[in-house]
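Participant: My file is start.txt. It has compact mmCIF, C-alpha atoms and all ligand atoms:
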# COMPACT_ATOMS: atom_id res chain seq x y z
CA MET G 280 15.53 -12.88 -14.23
CA ALA G 281 12.19 -14.65 -14.76
CA THR G 282 9.69 -12.78 -16.89
CA GLY G 283 6.09 -12.19 -15.84
CA PRO G 284 4.74 -9.99 -13.07
CA LEU G 285 7.23 -9.09 -10.31
CA ARG G 286 6.71 -11.09 -7.13
CA PHE G 287 6.00 -7.80 -5.47
CA VAL G 288 2.55 -7.74 -3.84
CA THR G 289 1.17 -4.55 -2.33
CA PHE G 290 -1.76 -4.28 0.09
CA GLU G 291 -3.79 -1.11 -0.06
CA GLY G 292 -6.97 0.33 1.38
CA GLY G 293 -8.32 2.70 4.00
CA GLU G 294 -7.68 2.52 7.73
CA GLY G 295 -8.55 -0.61 9.70
CA ALA G 296 -9.09 -2.87 6.69
CA GLY G 297 -6.99 -5.72 8.10
CA LYS G 298 -4.00 -5.40 5.77
CA SER G 299 -1.35 -6.39 8.30
CA THR G 300 -3.20 -9.55 9.35
CA GLN G 301 -3.57 -10.65 5.74
CA ILE G 302 0.08 -9.89 4.97
CA ARG G 303 1.12 -12.08 7.90
CA LEU G 304 -1.15 -14.92 6.78
CA LEU G 305 0.08 -14.76 3.19
CA ALA G 306 3.73 -14.62 4.29
CA ASP G 307 3.19 -17.75 6.42
CA ARG G 308 1.56 -19.53 3.50
CA LEU G 309 4.31 -18.61 1.04
CA ARG G 310 7.04 -19.64 3.50
CA ALA G 311 5.28 -22.95 4.17
CA ALA G 312 5.40 -23.56 0.41
CA GLY G 313 9.17 -22.97 0.46
CA HIS G 314 9.37 -19.36 -0.73
CA ALA G 315 11.59 -16.63 0.71
CA VAL G 316 9.54 -13.60 1.73
CA GLU G 317 10.34 -10.04 2.72
CA VAL G 318 7.55 -8.27 4.61
CA THR G 319 7.75 -4.51 4.71
CA ARG G 320 5.64 -1.35 4.87
CA GLU G 321 5.26 2.22 3.72
CA PRO G 322 5.91 4.87 4.68
CA GLY G 323 8.95 3.15 6.18
CA GLY G 324 10.95 -0.01 5.65
CA THR G 325 14.43 1.51 6.08
CA LYS G 326 15.90 3.55 8.91
CA GLY G 327 15.70 6.79 6.93
CA ALA G 328 12.21 6.07 5.61
CA GLU G 329 10.98 5.25 9.14
CA GLU G 330 12.31 8.67 10.23
CA ILE G 331 10.27 10.25 7.43
CA ARG G 332 7.26 8.15 8.56
CA THR G 333 7.43 9.75 12.00
CA LEU G 334 7.21 13.20 10.38
CA LEU G 335 4.15 12.07 8.43
CA VAL G 336 2.06 10.23 11.00
CA GLU G 337 2.57 12.46 14.03
CA GLY G 338 1.24 15.94 14.73
CA GLY G 339 -1.86 17.86 13.68
CA ALA G 340 -3.86 17.05 10.55
CA GLY G 341 -2.81 20.37 8.96
CA ARG G 342 0.89 20.07 9.78
CA TRP G 343 2.09 19.87 6.15
CA GLN G 344 1.23 21.34 2.80
CA ALA G 345 -0.23 18.51 0.73
CA GLU G 346 2.66 18.87 -1.77
CA THR G 347 5.20 18.53 1.05
CA GLU G 348 3.43 15.44 2.22
CA ALA G 349 3.42 13.80 -1.23
CA LEU G 350 7.12 14.55 -1.68
CA LEU G 351 7.92 13.09 1.75
CA HIS G 352 6.06 9.90 0.84
CA PHE G 353 7.98 9.63 -2.43
CA ALA G 354 11.27 10.42 -0.68
CA ALA G 355 10.67 7.58 1.78
CA ARG G 356 9.67 5.34 -1.16
CA ALA G 357 12.90 6.05 -3.07
CA GLU G 358 14.91 4.91 -0.02
CA HIS G 359 12.73 1.86 0.43
CA LEU G 360 12.96 0.82 -3.23
CA ALA G 361 16.74 1.24 -3.33
CA HIS G 362 17.60 -0.44 -0.05
CA VAL G 363 14.89 -3.06 0.52
CA ILE G 364 12.45 -3.75 -2.32
CA ARG G 365 14.76 -4.00 -5.33
CA PRO G 366 17.51 -5.94 -3.52
CA ALA G 367 14.97 -8.45 -2.16
CA LEU G 368 13.41 -8.99 -5.61
CA MET G 369 16.89 -9.39 -7.14
CA ALA G 370 17.65 -12.01 -4.48
CA GLY G 371 14.59 -13.99 -5.61
CA LYS G 372 12.39 -13.13 -2.63
CA TRP G 373 8.73 -12.26 -2.65
CA VAL G 374 8.10 -8.76 -1.33
CA LEU G 375 4.83 -8.16 0.54
CA CYS G 376 4.35 -4.48 1.25
CA ASP G 377 1.78 -2.81 3.49
CA ARG G 378 0.89 0.21 1.29
CA PHE G 379 2.81 1.58 -1.70
CA ALA G 380 2.38 4.21 -4.42
CA ASP G 381 -1.40 3.73 -4.78
CA SER G 382 -1.71 5.10 -1.24
CA THR G 383 -0.12 8.37 -2.39
CA LEU G 384 -2.54 8.60 -5.31
CA ALA G 385 -5.49 7.83 -3.01
CA TYR G 386 -4.54 9.87 0.10
CA GLN G 387 -2.70 12.84 -1.39
CA GLY G 388 -4.54 12.79 -4.75
CA TYR G 389 -8.16 11.80 -4.21
CA GLY G 390 -8.13 12.60 -0.47
CA GLN G 391 -6.10 15.83 -0.24
CA GLY G 392 -6.85 17.06 -3.76
CA LEU G 393 -3.39 17.11 -5.37
CA ASP G 394 -3.12 16.91 -9.13
CA LEU G 395 -3.23 13.25 -10.18
CA ASP G 396 -1.05 13.78 -13.27
CA TRP G 397 1.70 15.33 -11.13
CA LEU G 398 1.54 12.38 -8.73
CA TRP G 399 1.70 9.91 -11.64
CA THR G 400 4.76 11.76 -13.01
CA LEU G 401 6.50 11.43 -9.65
CA ARG G 402 5.44 7.81 -9.47
CA ARG G 403 6.90 7.00 -12.89
CA HIS G 404 10.22 8.64 -11.92
CA ILE G 405 10.57 7.06 -8.50
CA VAL G 406 9.03 3.62 -9.04
CA GLY G 407 10.05 3.11 -12.70
CA PRO G 408 9.93 -0.55 -13.64
CA THR G 409 9.38 -1.69 -10.04
CA GLU G 410 5.58 -1.52 -10.16
CA PRO G 411 3.90 -4.27 -8.11
CA GLY G 412 2.98 -7.49 -9.86
CA LEU G 413 -0.25 -7.55 -7.87
CA THR G 414 -2.05 -4.98 -5.74
CA LEU G 415 -4.78 -6.06 -3.36
CA VAL G 416 -7.15 -3.25 -2.39
CA MET G 417 -8.85 -4.13 0.88
CA ASP G 418 -12.25 -2.50 0.69
CA MET G 419 -14.29 -1.85 3.81
CA PRO G 420 -17.04 0.66 4.73
CA VAL G 421 -15.37 3.85 6.03
CA GLU G 422 -17.04 3.97 9.47
CA LYS G 423 -16.27 0.34 10.16
CA GLY G 424 -12.62 0.73 9.13
CA LEU G 425 -12.09 3.87 11.22
CA ALA G 426 -13.66 2.16 14.24
CA ARG G 427 -11.24 -0.75 13.83
CA ALA G 428 -8.10 1.34 13.22
CA GLU G 429 -5.69 0.58 16.04
CA THR G 430 -4.05 3.96 16.49
CA GLU G 431 -5.25 7.55 16.49
CA GLN G 432 -2.71 9.13 14.21
CA ARG G 433 -2.68 12.06 11.80
CA TYR G 434 -4.47 10.46 8.86
CA GLU G 435 -7.17 8.90 11.04
CA ARG G 436 -8.03 12.42 12.22
CA MET G 437 -8.70 13.78 8.74
CA GLY G 438 -12.46 13.25 8.87
CA VAL G 439 -15.02 10.93 7.36
CA ASP G 440 -15.39 12.85 4.05
CA PHE G 441 -11.65 12.59 3.45
CA HIS G 442 -11.80 8.84 4.07
CA ARG G 443 -14.79 8.46 1.75
CA ARG G 444 -12.90 10.26 -1.06
CA LEU G 445 -9.90 8.05 -0.68
CA GLY G 446 -12.01 4.89 -0.63
CA ALA G 447 -13.57 5.98 -3.94
CA GLY G 448 -10.06 6.81 -5.19
CA PHE G 449 -8.76 3.32 -4.44
CA ARG G 450 -11.70 1.81 -6.31
CA GLN G 451 -11.01 4.03 -9.34
CA LEU G 452 -7.31 3.20 -9.30
CA ALA G 453 -8.12 -0.51 -9.18
CA ALA G 454 -10.68 -0.23 -11.99
CA ALA G 455 -8.13 1.54 -14.23
CA GLU G 456 -5.61 -1.33 -13.93
CA PRO G 457 -7.57 -4.56 -13.75
CA ASP G 458 -4.53 -6.78 -14.50
CA ARG G 459 -2.52 -5.47 -11.56
CA CYS G 460 -5.26 -4.66 -9.05
CA ARG G 461 -7.94 -6.68 -7.31
CA ILE G 462 -10.54 -5.36 -4.89
CA ILE G 463 -11.01 -7.56 -1.85
CA ASP G 464 -14.18 -7.36 0.24
CA ALA G 465 -12.52 -6.88 3.62
CA ALA G 466 -15.75 -7.07 5.65
CA ARG G 467 -15.56 -10.89 5.85
CA SER G 468 -13.82 -13.35 8.14
CA ARG G 469 -10.02 -13.34 8.03
CA GLU G 470 -10.05 -16.98 6.85
CA GLU G 471 -12.33 -16.25 3.89
CA ILE G 472 -10.20 -13.29 2.87
CA ALA G 473 -6.96 -15.27 3.24
CA ALA G 474 -8.32 -18.07 1.05
CA GLU G 475 -9.34 -15.62 -1.67
CA ILE G 476 -5.91 -13.95 -1.57
CA ALA G 477 -4.10 -17.30 -1.81
CA GLY G 478 -6.21 -18.14 -4.90
CA LEU G 479 -5.37 -14.79 -6.50
CA ILE G 480 -1.65 -15.34 -5.86
CA GLU G 481 -1.80 -18.80 -7.43
CA ALA G 482 -3.64 -17.49 -10.50
CA ARG G 483 -1.45 -14.43 -11.02
CA PHE G 484 1.98 -15.98 -10.41
CA GLY G 485 1.42 -19.62 -11.35
CA VAL G 486 2.50 -21.01 -7.96
CA SER G 487 0.64 -23.45 -5.72
CA LEU G 488 0.04 -22.66 -2.08
P1 LIG G 501 -0.57 2.78 8.07
O1 LIG G 501 -1.47 3.33 9.10
O2 LIG G 501 -1.26 1.89 7.08
O3 LIG G 501 0.70 2.18 8.60
O4 LIG G 501 -0.07 4.01 7.14
C1 LIG G 501 0.31 5.21 7.68
C2 LIG G 501 -0.53 6.33 7.16
O5 LIG G 501 0.09 6.95 6.03
C3 LIG G 501 -1.91 5.91 6.72
O6 LIG G 501 -2.85 6.70 7.40
C4 LIG G 501 -1.94 6.23 5.24
C5 LIG G 501 -0.86 7.25 5.04
N1 LIG G 501 -0.19 7.22 3.72
C6 LIG G 501 -0.37 8.29 2.84
O7 LIG G 501 -1.11 9.22 3.14
N2 LIG G 501 0.30 8.27 1.64
C7 LIG G 501 1.16 7.25 1.29
O8 LIG G 501 1.75 7.27 0.21
C8 LIG G 501 1.33 6.14 2.22
C9 LIG G 501 2.25 5.03 1.88
C10 LIG G 501 0.63 6.18 3.42
Taking this structure as input, can you express it in the form of structure tokens?
Facilitator:
Amino acid sequence: MATGPLRFVTFEGGEGAGKSTQIRLLADRLRAAGHAVEVTREPGGTKGAEEIRTLLVEGGAGRWQAETEALLHFAARAEHLAHVIRPALMAGKWVLCDRFADSTLAYQGYGQGLDLDWLWTLRRHIVGPTEPGLTLVMDMPVEKGLARAETEQRYERMGVDFHRRLGAGFRQLAAAEPDRCRIIDAARSREEIAAEIAGLIEARFGVSL
């Protein structure tokens, strides 16, 4: 297999930051340049992981203990890695994923207050060598993001302070791993953001789009 960063690109950020639009635009661009692309999301991506997603996004904000919630996210992730992400990478595809392990650190760690070392231990066990080659953190003011979020689900109901903590968490995670992570100013036009992302992909992976 080729060396260098895995062609596994994760999109992270708070609610309503425009991740899915940018994933679609990048997938189109990669495909137009002749690349095979798998687009997927977390929690979810396999039948079992989508069942776990339903447990996580429905119901009252206090439905789960935070530990339960973190373990459910990692359980869904283990399924997703085994059945979708690793096979696609082995088949030479790009994998574009709407959220991944940084969301657990941000939401369950910085947001819900779980121990960050414990979450990193779980992450190392479950993700192992399949860390993303590039993580794009879509950064947007909390109020604006929440106003744009399309659904009213569990995490959107957790309050503005919670969302502020996780926004700060994402920025800290990105600052700690500057090779892997880039912060994207998501409060711009979709075209400007898409052009910046295409440039970052070219620079990181040595492809032309
Ligand atoms: P989505 O709205 O981006 O599809 O994601 C579903 C929700 O799940 C979102 O509010 C963020 C939350 N989430 C976590 O709390 N921890 C995680 O590890 C992941 C992947 C998502």
Participant: Let me have all residues with an atom within 7 Å of ligand LIG 501 (chain G), counting all atoms listed in the file, laid out as a ChimeraX atom specification.
Facilitator: /G:294,321-322,335-336,349,352,377-383,386-387,433-435
Participant: I need the residue nearest Val288 of chain G from this list: G:Ala370, G:Ala453, G:Leu415, G:Leu334. Use only C-alpha atoms for the distance.
Facilitator: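 Checking each of G:Ala370, G:Ala453, G:Leu415, G:Leu334 against Val288 of chain G, counting only C-alpha atoms, the winner is G:Leu415.
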Participant: Measure the distance from atom CA of Leu479 of chain G to atom CA of Ala385 of chain G in Å and round it to one decimal.
Facilitator: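 The value is 22.9 Å.
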Participant: Have a look at atom CA of Ala477 of chain G and atom CA of Arg308 of chain G and let me know their distance in Å, one decimal.
Facilitator: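 Going from atom CA of Ala477 of chain G over to atom CA of Arg308 of chain G, I get 8.1 Å.
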Participant: Which of these, G:Ala340, G:Val318, G:Leu350, G:Met417, has the shortest distance to Ala306 of chain G once you count all atoms listed in the file?
Facilitator: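 Answer, going by the shortest atom-to-atom distance: G:Val318.
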Participant: Name the closest residue to His314 of chain G among the candidates G:Ala474, G:Leu488, G:Ala296, G:Ala455; distances are taken between atoms, counting all atoms listed in the file.
Facilitator: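 Residue with the minimum atom-to-atom distance to His314 of chain G: G:Leu488.
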Participant: I need the residue nearest His404 of chain G from this list: G:Ala315, G:Ala466, G:Ala354, G:Leu285. Use only C-alpha atoms for the distance.
Facilitator: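 Nearest candidate to His404 of chain G out of G:Ala315, G:Ala466, G:Ala354, G:Leu285: G:Ala354.
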Participant: Nearest to Pro420 of chain G among G:Ala367, G:His362, G:Leu375, G:Gly295, with distances taken over only C-alpha atoms: which residue is it?
Facilitator: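 Answer, going by the shortest atom-to-atom distance: G:Gly295.
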Participant: For a quick check of understanding, using only C-alpha atoms, which of G:Leu398, G:Ile364, G:Met437, G:Leu393 has the smallest distance to Pro411 of chain G?
Facilitator: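 Among the listed residues, the smallest separation from Pro411 of chain G belongs to G:Ile364.
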Participant: Just want the 12 Å neighbourhood of Leu309 of chain G, counted on only C-alpha atoms, with same-chain residues fewer than 5 positions away dropped. Output as JSON, numbers by chain.
Facilitator: {"G": [286, 302, 303, 304, 314, 315, 316, 317, 318, 372, 373, 374, 375, 473, 476, 477, 480, 481, 484, 486, 487, 488]}
Participant: Name the residues in contact with Val363 of chain G at a cut-off of 9 Å, using only C-alpha atoms, excluding same-chain residues fewer than 5 positions from it; report them as a list in words.
Facilitator: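 Skipping anything fewer than 5 positions along the chain leaves Glu317, Thr319, Gly324, Thr325, Glu358 and Leu368 of chain G.
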Participant: Distance atom CA of Gly339 of chain G-atom CA of Gly438 of chain G, one decimal place?
Facilitator: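 If I compute the distance from atom CA of Gly339 of chain G to atom CA of Gly438 of chain G, I get 12.5 Å.
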